[in-house]
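Visitor: The structure file structure-v7.tsv (TSV, C-alpha atoms) is provided below.
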chain	number	residue	atom	x	y	z
A	1	MET	CA	-7.30	-4.12	20.15
A	2	ASN	CA	-5.41	-4.35	23.42
A	3	LEU	CA	-3.05	-7.31	23.25
A	4	LEU	CA	-2.83	-7.60	27.04
A	5	THR	CA	-6.58	-7.84	27.59
A	6	ASP	CA	-7.86	-9.74	24.54
A	7	PRO	CA	-8.55	-13.33	25.74
A	8	GLU	CA	-7.98	-14.95	22.35
A	9	MET	CA	-4.60	-13.28	21.91
A	10	LEU	CA	-3.58	-14.19	25.45
A	11	LEU	CA	-4.59	-17.79	24.81
A	12	LEU	CA	-2.52	-17.89	21.62
A	13	LEU	CA	0.50	-16.34	23.28
A	14	GLY	CA	0.13	-18.68	26.24
A	15	GLY	CA	0.14	-21.63	23.85
A	16	ILE	CA	3.30	-20.34	22.17
A	17	GLY	CA	4.97	-19.85	25.54
A	18	GLY	CA	3.99	-23.34	26.62
A	19	LEU	CA	5.31	-24.84	23.39
A	20	LEU	CA	8.63	-23.03	23.77
A	21	THR	CA	8.91	-24.12	27.40
A	22	LEU	CA	8.25	-27.74	26.45
A	23	SER	CA	10.79	-27.49	23.62
A	24	SER	CA	13.40	-26.07	25.99
A	25	LEU	CA	12.85	-28.89	28.47
A	26	ILE	CA	13.08	-31.54	25.74
A	27	GLY	CA	16.24	-29.94	24.35
A	28	TRP	CA	17.78	-29.80	27.81
A	29	ALA	CA	16.92	-33.47	28.49
A	30	LEU	CA	18.30	-34.58	25.12
A	31	GLY	CA	21.48	-32.61	25.76
A	32	LEU	CA	22.02	-34.58	28.96
A	33	ARG	CA	21.33	-38.00	27.43
A	34	VAL	CA	22.98	-37.83	24.01
A	35	ARG	CA	26.75	-38.30	24.02
A	36	GLU	CA	27.59	-39.30	20.42
A	37	ASP	CA	29.28	-36.48	18.48
A	38	PRO	CA	27.02	-36.32	15.37
A	39	ALA	CA	23.85	-36.39	17.47
A	40	ARG	CA	25.27	-33.88	19.97
A	41	LEU	CA	25.82	-31.38	17.16
A	42	VAL	CA	22.20	-31.74	16.05
A	43	ILE	CA	20.94	-31.27	19.63
A	44	ALA	CA	23.21	-28.26	20.15
A	45	ASN	CA	21.87	-26.66	16.97
A	46	LEU	CA	18.30	-27.41	18.06
A	47	ASN	CA	18.86	-25.80	21.48
A	48	ALA	CA	20.44	-22.76	19.82
A	49	ARG	CA	17.35	-22.42	17.63
A	50	ILE	CA	15.06	-22.68	20.66
A	51	ARG	CA	16.98	-19.95	22.51
A	52	SER	CA	16.70	-17.73	19.47
A	53	TRP	CA	12.98	-18.42	19.26
A	54	TRP	CA	12.55	-17.18	22.82
A	55	VAL	CA	14.24	-13.91	21.92
A	56	MET	CA	12.38	-13.48	18.62
A	57	THR	CA	9.04	-14.26	20.27
A	58	ALA	CA	9.67	-11.74	23.05
A	59	VAL	CA	10.55	-9.03	20.51
A	60	PHE	CA	7.50	-9.83	18.39
A	61	VAL	CA	5.12	-9.79	21.37
A	62	ALA	CA	6.58	-6.48	22.56
A	63	ALA	CA	5.95	-5.02	19.10
A	64	LEU	CA	2.36	-6.28	19.07
A	65	ALA	CA	1.78	-4.88	22.55
A	66	THR	CA	2.65	-1.37	21.31
A	67	GLY	CA	-0.03	-1.60	18.63
A	68	GLY	CA	0.21	-1.12	14.87
A	69	ILE	CA	3.08	1.36	14.96
A	70	GLY	CA	5.33	-1.01	16.90
A	71	SER	CA	4.61	-3.87	14.51
A	72	VAL	CA	5.29	-1.73	11.44
A	73	MET	CA	8.57	-0.49	12.94
A	74	LEU	CA	9.67	-4.02	13.82
A	75	PHE	CA	9.07	-5.31	10.30
A	76	ALA	CA	10.66	-2.19	8.81
A	77	LEU	CA	13.83	-2.88	10.80
A	78	THR	CA	13.66	-6.56	9.83
A	79	SER	CA	13.35	-5.62	6.15
A	80	PHE	CA	16.25	-3.17	6.38
A	81	ILE	CA	18.56	-5.83	7.84
A	82	ALA	CA	17.33	-8.43	5.34
A	83	LEU	CA	17.99	-6.07	2.42
A	84	ARG	CA	21.49	-5.40	3.76
A	85	GLU	CA	22.17	-9.15	3.97
A	86	PHE	CA	20.91	-9.65	0.43
A	87	ILE	CA	22.91	-6.79	-1.07
A	88	THR	CA	26.05	-7.92	0.79
A	89	LEU	CA	25.93	-11.24	-1.08
A	90	THR	CA	25.25	-9.68	-4.48
A	91	PRO	CA	28.32	-7.71	-5.64
A	92	THR	CA	27.67	-4.17	-6.83
A	93	HIS	CA	29.82	-1.48	-8.43
A	94	ARG	CA	30.81	1.90	-7.10
A	95	ALA	CA	28.35	3.38	-9.58
A	96	ASP	CA	25.50	1.60	-7.73
A	97	HIS	CA	26.08	3.36	-4.40
A	98	ARG	CA	23.63	6.18	-5.05
A	99	THR	CA	21.04	3.71	-6.33
A	100	LEU	CA	21.47	1.72	-3.12
A	101	PHE	CA	21.03	4.91	-1.11
A	102	TRP	CA	17.60	5.33	-2.70
A	103	ALA	CA	16.78	1.67	-2.03
A	104	PHE	CA	17.69	1.76	1.67
A	105	PHE	CA	16.78	5.30	2.70
A	106	VAL	CA	13.93	6.28	0.39
A	107	PHE	CA	12.03	3.31	-1.01
A	108	ALA	CA	12.18	1.12	2.11
A	109	PRO	CA	11.01	3.84	4.58
A	110	VAL	CA	8.30	5.12	2.22
A	111	GLN	CA	6.95	1.60	1.70
A	112	TYR	CA	6.49	1.13	5.44
A	113	LEU	CA	5.13	4.65	5.84
A	114	LEU	CA	2.42	3.70	3.35
A	115	VAL	CA	1.70	0.60	5.44
A	116	GLY	CA	1.53	2.69	8.61
A	117	ILE	CA	-0.97	5.17	7.18
A	118	GLY	CA	-2.97	2.45	5.44
A	119	TRP	CA	-2.66	3.78	1.88
A	120	TYR	CA	-3.24	0.50	0.05
A	121	GLY	CA	-3.49	1.96	-3.45
A	122	LEU	CA	0.09	3.29	-3.42
A	123	PHE	CA	1.49	0.62	-1.10
A	124	ALA	CA	0.60	-2.10	-3.62
A	125	ILE	CA	2.41	-0.48	-6.57
A	126	PHE	CA	5.09	1.78	-5.09
A	127	ILE	CA	7.99	-0.67	-5.36
A	128	PRO	CA	6.80	-2.91	-8.26
A	129	VAL	CA	6.16	0.15	-10.46
A	130	TYR	CA	7.93	3.30	-9.33
A	131	ALA	CA	11.01	1.79	-7.65
A	132	PHE	CA	11.32	-0.82	-10.39
A	133	LEU	CA	11.49	1.89	-13.06
A	134	PHE	CA	13.62	4.35	-11.09
A	135	ILE	CA	16.42	1.95	-10.11
A	136	PRO	CA	17.72	1.21	-13.63
A	137	LEU	CA	17.38	4.88	-14.56
A	138	ARG	CA	19.47	5.99	-11.58
A	139	SER	CA	22.09	3.33	-12.33
A	140	ALA	CA	22.17	4.34	-16.00
A	141	LEU	CA	22.85	7.96	-15.05
A	142	ALA	CA	26.05	6.78	-13.34
A	143	GLY	CA	27.36	5.76	-16.75
A	144	ASP	CA	28.68	2.29	-15.80
A	145	THR	CA	27.36	-0.28	-18.28
A	146	GLU	CA	29.41	-3.29	-17.14
A	147	ASP	CA	26.99	-6.06	-15.97
A	148	PHE	CA	24.29	-3.37	-15.99
A	149	LEU	CA	21.32	-5.73	-16.31
A	150	ALA	CA	22.58	-8.11	-13.61
A	151	ARG	CA	23.39	-5.29	-11.17
A	152	THR	CA	20.06	-3.52	-11.50
A	153	ALA	CA	18.13	-6.79	-11.39
A	154	LYS	CA	19.82	-7.74	-8.10
A	155	ILE	CA	18.81	-4.46	-6.47
A	156	GLN	CA	15.26	-4.77	-7.80
A	157	TRP	CA	15.04	-8.36	-6.57
A	158	GLY	CA	16.35	-7.38	-3.14
A	159	LEU	CA	13.75	-4.61	-2.83
A	160	MET	CA	10.93	-6.90	-3.88
A	161	ILE	CA	11.87	-9.76	-1.55
A	162	ALA	CA	13.19	-7.99	1.55
A	163	ILE	CA	10.98	-4.87	1.50
A	164	TYR	CA	7.88	-5.27	-0.65
A	165	CYS	CA	6.99	-8.88	0.16
A	166	VAL	CA	7.78	-8.64	3.87
A	167	SER	CA	5.79	-5.40	4.24
A	168	HIS	CA	2.62	-7.37	3.48
A	169	ALA	CA	2.85	-8.96	6.94
A	170	PRO	CA	2.23	-5.76	8.98
A	171	ALA	CA	-0.10	-4.59	6.17
A	172	LEU	CA	-2.57	-7.14	7.53
A	173	LEU	CA	-3.25	-4.59	10.26
A	174	MET	CA	-4.76	-2.22	7.67
A	175	LEU	CA	-7.44	-4.64	6.47
A	176	GLU	CA	-11.04	-3.75	7.32
A	177	ILE	CA	-12.89	-7.06	7.50
A	178	PRO	CA	-16.64	-6.88	8.29
A	179	GLY	CA	-17.25	-8.25	11.77
A	180	TYR	CA	-13.50	-8.45	12.37
A	181	GLN	CA	-12.58	-4.79	12.73
A	182	GLU	CA	-9.31	-3.95	14.50
A	183	GLU	CA	-8.42	-7.64	14.76
A	184	GLY	CA	-5.59	-7.57	12.23
A	185	ALA	CA	-3.02	-8.45	14.88
A	186	LYS	CA	-4.62	-11.87	15.16
A	187	LEU	CA	-4.23	-12.43	11.43
A	188	LEU	CA	-0.59	-11.36	11.65
A	189	LEU	CA	0.04	-13.74	14.54
A	190	TYR	CA	-1.82	-16.51	12.68
A	191	LEU	CA	0.41	-16.04	9.63
A	192	ILE	CA	3.60	-16.06	11.71
A	193	ILE	CA	2.54	-19.15	13.68
A	194	VAL	CA	1.62	-21.23	10.62
A	195	VAL	CA	4.57	-20.29	8.40
A	196	GLN	CA	7.21	-20.57	11.12
A	197	LEU	CA	5.74	-23.75	12.60
A	198	SER	CA	5.84	-25.27	9.13
A	199	ASP	CA	9.54	-24.41	8.90
A	200	VAL	CA	10.32	-25.83	12.33
A	201	LEU	CA	8.35	-29.04	11.78
A	202	GLN	CA	9.90	-29.60	8.36
A	203	TYR	CA	13.29	-29.37	10.08
A	204	VAL	CA	12.25	-31.77	12.88
A	205	PHE	CA	10.59	-34.32	10.60
A	206	GLY	CA	13.48	-34.07	8.18
A	207	LYS	CA	16.06	-34.76	10.88
A	208	THR	CA	14.10	-37.66	12.39
A	209	LEU	CA	12.43	-39.30	9.39
A	210	GLY	CA	13.96	-37.72	6.31
A	211	LYS	CA	15.50	-40.08	3.75
A	212	HIS	CA	14.53	-38.92	0.27
A	213	ARG	CA	15.90	-35.50	-0.68
A	214	ILE	CA	13.81	-33.23	-2.88
A	215	VAL	CA	16.56	-31.22	-4.58
A	216	PRO	CA	19.90	-32.58	-3.25
A	217	ARG	CA	22.13	-30.05	-5.01
A	218	LEU	CA	19.99	-27.12	-3.92
A	219	SER	CA	18.96	-27.90	-0.35
A	220	PRO	CA	20.34	-31.16	1.08
A	221	ASN	CA	18.27	-30.83	4.27
A	222	LYS	CA	14.90	-30.69	2.51
A	223	THR	CA	13.39	-34.16	2.26
A	224	TRP	CA	10.00	-35.41	1.12
A	225	GLU	CA	9.31	-36.89	4.57
A	226	GLY	CA	10.23	-33.65	6.34
A	227	THR	CA	8.34	-31.43	3.92
A	228	VAL	CA	5.13	-33.47	3.85
A	229	GLY	CA	5.18	-34.05	7.61
A	230	GLY	CA	5.89	-30.41	8.43
A	231	ILE	CA	3.34	-28.97	5.99
A	232	ALA	CA	0.64	-31.44	7.00
A	233	THR	CA	1.10	-30.80	10.73
A	234	ALA	CA	1.30	-27.02	10.35
A	235	THR	CA	-1.81	-27.08	8.15
A	236	LEU	CA	-3.62	-29.03	10.87
A	237	VAL	CA	-2.58	-26.46	13.48
A	238	GLY	CA	-3.73	-23.65	11.18
A	239	THR	CA	-7.07	-25.39	10.77
A	240	LEU	CA	-7.51	-25.79	14.54
A	241	LEU	CA	-6.80	-22.05	14.98
A	242	TRP	CA	-9.72	-21.03	12.73
A	243	TRP	CA	-11.46	-19.48	15.77
A	244	VAL	CA	-9.00	-16.56	15.90
A	245	THR	CA	-9.59	-15.72	12.23
A	246	PRO	CA	-12.58	-14.68	10.11
A	247	PHE	CA	-12.28	-18.04	8.29
A	248	THR	CA	-14.46	-21.13	8.55
A	249	PRO	CA	-12.62	-24.32	9.52
A	250	TRP	CA	-12.51	-25.51	5.88
A	251	ALA	CA	-11.30	-22.12	4.66
A	252	ALA	CA	-8.68	-22.06	7.42
A	253	ALA	CA	-7.44	-25.48	6.24
A	254	VAL	CA	-7.08	-24.32	2.63
A	255	ILE	CA	-5.45	-21.01	3.59
A	256	ALA	CA	-3.07	-22.67	6.07
A	257	LEU	CA	-2.03	-25.15	3.36
A	258	LEU	CA	-1.49	-22.23	0.96
A	259	ILE	CA	0.69	-20.47	3.55
A	260	CYS	CA	2.78	-23.61	4.05
A	261	LEU	CA	3.21	-24.28	0.32
A	262	THR	CA	4.20	-20.71	-0.51
A	263	GLY	CA	6.49	-20.68	2.51
A	264	PHE	CA	8.18	-23.85	1.25
A	265	ALA	CA	8.57	-22.21	-2.19
A	266	GLY	CA	10.18	-19.18	-0.56
A	267	GLY	CA	12.67	-21.31	1.33
A	268	LEU	CA	13.58	-23.24	-1.80
A	269	VAL	CA	14.09	-20.12	-3.92
A	270	MET	CA	16.21	-18.41	-1.28
A	271	SER	CA	18.29	-21.59	-0.95
A	272	ALA	CA	18.93	-21.39	-4.70
A	273	ILE	CA	20.20	-17.82	-4.27
A	274	LYS	CA	22.55	-18.89	-1.47
A	275	ARG	CA	23.90	-21.79	-3.53
A	276	ASP	CA	24.43	-19.40	-6.45
A	277	ARG	CA	26.48	-17.13	-4.17
A	278	GLY	CA	28.31	-20.10	-2.60
A	279	VAL	CA	27.20	-19.49	1.01
A	280	LYS	CA	25.32	-21.54	3.59
A	281	ASP	CA	23.49	-18.64	5.27
A	282	PHE	CA	22.68	-15.03	4.49
A	283	GLY	CA	24.21	-13.90	7.79
A	284	THR	CA	25.07	-14.83	11.38
A	285	LEU	CA	22.83	-12.51	13.36
A	286	ILE	CA	20.54	-15.17	14.85
A	287	GLU	CA	22.09	-18.06	16.75
A	288	GLY	CA	21.26	-21.37	15.10
A	289	HIS	CA	19.34	-19.73	12.26
A	290	GLY	CA	21.91	-17.73	10.28
A	291	GLY	CA	20.77	-14.28	9.23
A	292	ILE	CA	17.44	-12.47	9.33
A	293	LEU	CA	16.76	-13.42	5.72
A	294	ASP	CA	17.33	-17.08	6.56
A	295	ARG	CA	14.57	-16.83	9.16
A	296	ILE	CA	12.04	-14.96	7.03
A	297	ASP	CA	12.66	-16.64	3.66
A	298	SER	CA	9.33	-18.48	3.91
A	299	LEU	CA	7.52	-15.35	5.05
A	300	CYS	CA	8.77	-13.48	1.96
A	301	PHE	CA	6.59	-15.64	-0.27
A	302	ALA	CA	3.76	-16.43	2.15
A	303	ALA	CA	2.99	-12.89	3.38
A	304	PRO	CA	1.91	-11.25	0.08
A	305	VAL	CA	-0.12	-14.29	-1.01
A	306	PHE	CA	-1.89	-14.50	2.36
A	307	PHE	CA	-2.55	-10.74	2.42
A	308	HIS	CA	-4.14	-10.64	-1.02
A	309	VAL	CA	-6.20	-13.80	-0.50
A	310	VAL	CA	-7.65	-12.36	2.72
A	311	ARG	CA	-8.20	-8.94	1.14
A	312	TYR	CA	-9.93	-10.40	-1.92
A	313	PHE	CA	-12.24	-12.84	-0.18
A	314	TYR	CA	-12.92	-11.16	3.20
A	315	THR	CA	-12.95	-7.36	2.72
Starting from the file, give its structure as structure tokens.

Guide:
Amino acid sequence: MNLLTDPEMLLLLGGIGGLLTLSSLIGWALGLRVREDPARLVIANLNARIRSWWVMTAVFVAALATGGIGSVMLFALTSFIALREFITLTPTHRADHRTLFWAFFVFAPVQYLLVGIGWYGLFAIFIPVYAFLFIPLRSALAGDTEDFLARTAKIQWGLMIAIYCVSHAPALLMLEIPGYQEEGAKLLLYLIIVVQLSDVLQYVFGKTLGKHRIVPRLSPNKTWEGTVGGIATATLVGTLLWWVTPFTPWAAAVIALLICLTGFAGGLVMSAIKRDRGVKDFGTLIEGHGGILDRIDSLCFAAPVFFHVVRYFYT
């Protein structure tokens, strides 16, 4: 599928561009009107997020325009940075360095190579089986038994979250759906739109209407009003976008809701990890968002669930 000539893709991208333009104008207008310090900080953070969204959208569209290889490479780089952020916050020993070498330079590239060549059978089990078993063995050979279980579990968890789960997003391009051949890029864009819109709307509703916190000690910014409002609105958008998917409108509603709920679960779990490590963000790479892992925390949970639901019911 040619991204630049497909009318449905162009319509979707045009809608995203229009939404970002409107958001930029609103942020600019609010920045001029609001003078109180607390509100100004919120508006400044919002405008920083919007600027970052412009950059991230441009990079994502460029990757889609190059076809499947570009998308796989983009997510591979994203996973590599996310794994680095995760490992940075989880202390390791000198004895773990060779194990980490295998994680970064063997398991991560091979996982995305399997995605690129469409080898589903090995892609689905490579990290959960082979990497999972190899990592503790390699660490054991180093002879350091101090905190052995915790150290190996952290590396395994990092591989699963940052590499395995995220790799299911570009893996959508490998699916062969009857009557929907070579349209996987639309499914990928659909997933990104719904899960990220849910995040953004939960933030907006939370800041404007949020009063009742869900888990105050874990994530003070997550409120019932923000979560329900964001998930409901993103689910509605996902339902209205059924025409770019192989789903019926009702199926699109259920799947969009599933994406939003699993995305919320991902954000909550990753917040727990950050609180455990005593940090606010996983990194500082993206202005207004923190690190890469802060931006894809929802995708980590939503991507594999979405991939397997689509594969089971539609291929």

Visitor: Using all atoms listed in the file for the distances, tell me which of A:Val200, A:Ala252, A:Ala169, A:Leu133 is nearest to Thr99 of chain A.

Guide: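 The closest residue to Thr99 of chain A is A:Leu133.
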
Visitor: List as number ranges by chain the protein and nucleic acid residues near Ala140 of chain A, meaning an atom at most 12 Å away when only C-alpha atoms are counted, but skip any in the same chain fewer than 3 places from it.

Guide: A: 95-96, 98-99, 133-137, 143-149, 151-152

Visitor: Report, in Å to a single decimal, how far apart atom CA of Leu261 of chain A and atom CA of Leu89 of chain A are.

Guide: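 So the answer is 26.2 Å.
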
Visitor: Skip Ala162 of chain A itself and residues of its chain fewer than 6 positions away, then list as a list of chain:residue names all residues within 7 Å of it, counting only C-alpha atoms.

Guide: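 The residues satisfying every condition are A:Ser79, A:Ala82, A:Leu83.
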
Visitor: Rank A:Tyr164, A:Tyr112, A:Trp28, A:Phe301 by their smallest atom-to-atom distance to Ala44 of chain A, using all atoms listed in the file, and report the top residue only.

Guide: A:Trp28

Visitor: Write out as a list of chain:residue names which residues come within 9 Å of segment 8-19 of chain A when counting all atoms listed in the file, dropping same-chain ones fewer than 6 positions away.

Guide: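 Listed by chain and then number, they are A:Trp54, A:Thr57, A:Val61, A:Ala185, A:Lys186, A:Leu189, A:Ile193, A:Leu241, A:Trp243, A:Val244.
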
Visitor: Between atom CA of Ile117 of chain A and atom CA of Thr262 of chain A, what is the spacing in Å?

Guide: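 A separation of 27.5 Å between them.
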
Visitor: Report, as lines of an AutoDock Vina configuration file, the axis-aligned box around all atoms of segment 110-121 of chain A present in the file, extended by 3 Å on each side; give centre and edge lengths in Å to one decimal place.

Guide:
center_x = 2.4
center_y = 2.8
center_z = 2.6
size_x = 17.8
size_y = 10.7
size_z = 18.1

Visitor: Taking all atoms listed in the file into account, which of A:Gly68, A:Pro170, A:Pro220, A:Gly229 comes nearest Ile192 of chain A?

Guide: A:Pro170

Visitor: Measuring between all atoms listed in the file, which one of A:Tyr120, A:Leu30, A:Ile259, A:Gly230 shows the shortest distance to Glu176 of chain A?

Guide: A:Tyr120

Visitor: Between atom CA of Gly266 of chain A and atom CA of Gly290 of chain A, what is the distance, to one decimal in Å?

Guide: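 Distance between the two atoms: 16.0 Å.
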
Visitor: Here's a test: counting only C-alpha atoms, identify every protein, DNA and RNA residue with an atom at most 12 Å from (-16.7, -10.8, 2.2) in the file's coordinate frame, and state them as a list in words.

Guide: Leu175, Glu176, Ile177, Pro178, Gly179, Tyr180, Pro246, Phe247, Val309, Val310, Arg311, Tyr312, Phe313, Tyr314 and Thr315 of chain A

Visitor: Would you mind exporting the chosen residues as a compact mmCIF listing (two decimals), keeping the file's coordinate frame, restricted to C-alpha atoms?

Guide:
# COMPACT_ATOMS: atom_id res chain seq x y z
CA LEU A 175 -7.44 -4.64 6.47
CA GLU A 176 -11.04 -3.75 7.32
CA ILE A 177 -12.89 -7.06 7.50
CA PRO A 178 -16.64 -6.88 8.29
CA GLY A 179 -17.25 -8.25 11.77
CA TYR A 180 -13.50 -8.45 12.37
CA PRO A 246 -12.58 -14.68 10.11
CA PHE A 247 -12.28 -18.04 8.29
CA VAL A 309 -6.20 -13.80 -0.50
CA VAL A 310 -7.65 -12.36 2.72
CA ARG A 311 -8.20 -8.94 1.14
CA TYR A 312 -9.93 -10.40 -1.92
CA PHE A 313 -12.24 -12.84 -0.18
CA TYR A 314 -12.92 -11.16 3.20
CA THR A 315 -12.95 -7.36 2.72

Visitor: For a quick check of understanding, using all atoms listed in the file, which of A:Leu22, A:Ala58, A:Met160, A:Val195 has the smallest distance to Ala108 of chain A?

Guide: A:Met160

Visitor: Of the residues A:Val110, A:Leu197, A:Val305, A:Ala153, which is the one nearest to Leu122 of chain A, using all atoms listed in the file?

Guide: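 The shortest atom-to-atom distance to Leu122 of chain A comes from A:Val110.
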
Visitor: For segment 113-115 of chain A, work out the shell of residues within 10 Å, counting all atoms listed in the file and skipping chain neighbours fewer than 4 positions away, then give it as a ChimeraX atom specification.

Guide: /A:68-69,72-73,76,107-109,119-124,126,167-174

Visitor: List every protein, DNA or RNA residue with an atom no more than 9 Å from (-6.2, -23.0, 9.0) in the file's coordinates, counting all atoms listed in the file, and format the result as a ChimeraX atom specification.

Guide: /A:190,194,234-242,245,247-257

Visitor: Please, could you write that set of residues out with C-alpha atoms as a short mmCIF file (atom, residue, chain, number, x, y, z; two decimals), in the coordinates of the input?

Guide:
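For reference, again22.cif as written:
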data_model
loop_
_atom_site.label_atom_id
_atom_site.label_comp_id
_atom_site.auth_asym_id
_atom_site.auth_seq_id
_atom_site.Cartn_x
_atom_site.Cartn_y
_atom_site.Cartn_z
CA TYR A 190 -1.82 -16.51 12.68
CA VAL A 194 1.62 -21.23 10.62
CA ALA A 234 1.30 -27.02 10.35
CA THR A 235 -1.81 -27.08 8.15
CA LEU A 236 -3.62 -29.03 10.87
CA VAL A 237 -2.58 -26.46 13.48
CA GLY A 238 -3.73 -23.65 11.18
CA THR A 239 -7.07 -25.39 10.77
CA LEU A 240 -7.51 -25.79 14.54
CA LEU A 241 -6.80 -22.05 14.98
CA TRP A 242 -9.72 -21.03 12.73
CA THR A 245 -9.59 -15.72 12.23
CA PHE A 247 -12.28 -18.04 8.29
CA THR A 248 -14.46 -21.13 8.55
CA PRO A 249 -12.62 -24.32 9.52
CA TRP A 250 -12.51 -25.51 5.88
CA ALA A 251 -11.30 -22.12 4.66
CA ALA A 252 -8.68 -22.06 7.42
CA ALA A 253 -7.44 -25.48 6.24
CA VAL A 254 -7.08 -24.32 2.63
CA ILE A 255 -5.45 -21.01 3.59
CA ALA A 256 -3.07 -22.67 6.07
CA LEU A 257 -2.03 -25.15 3.36
#
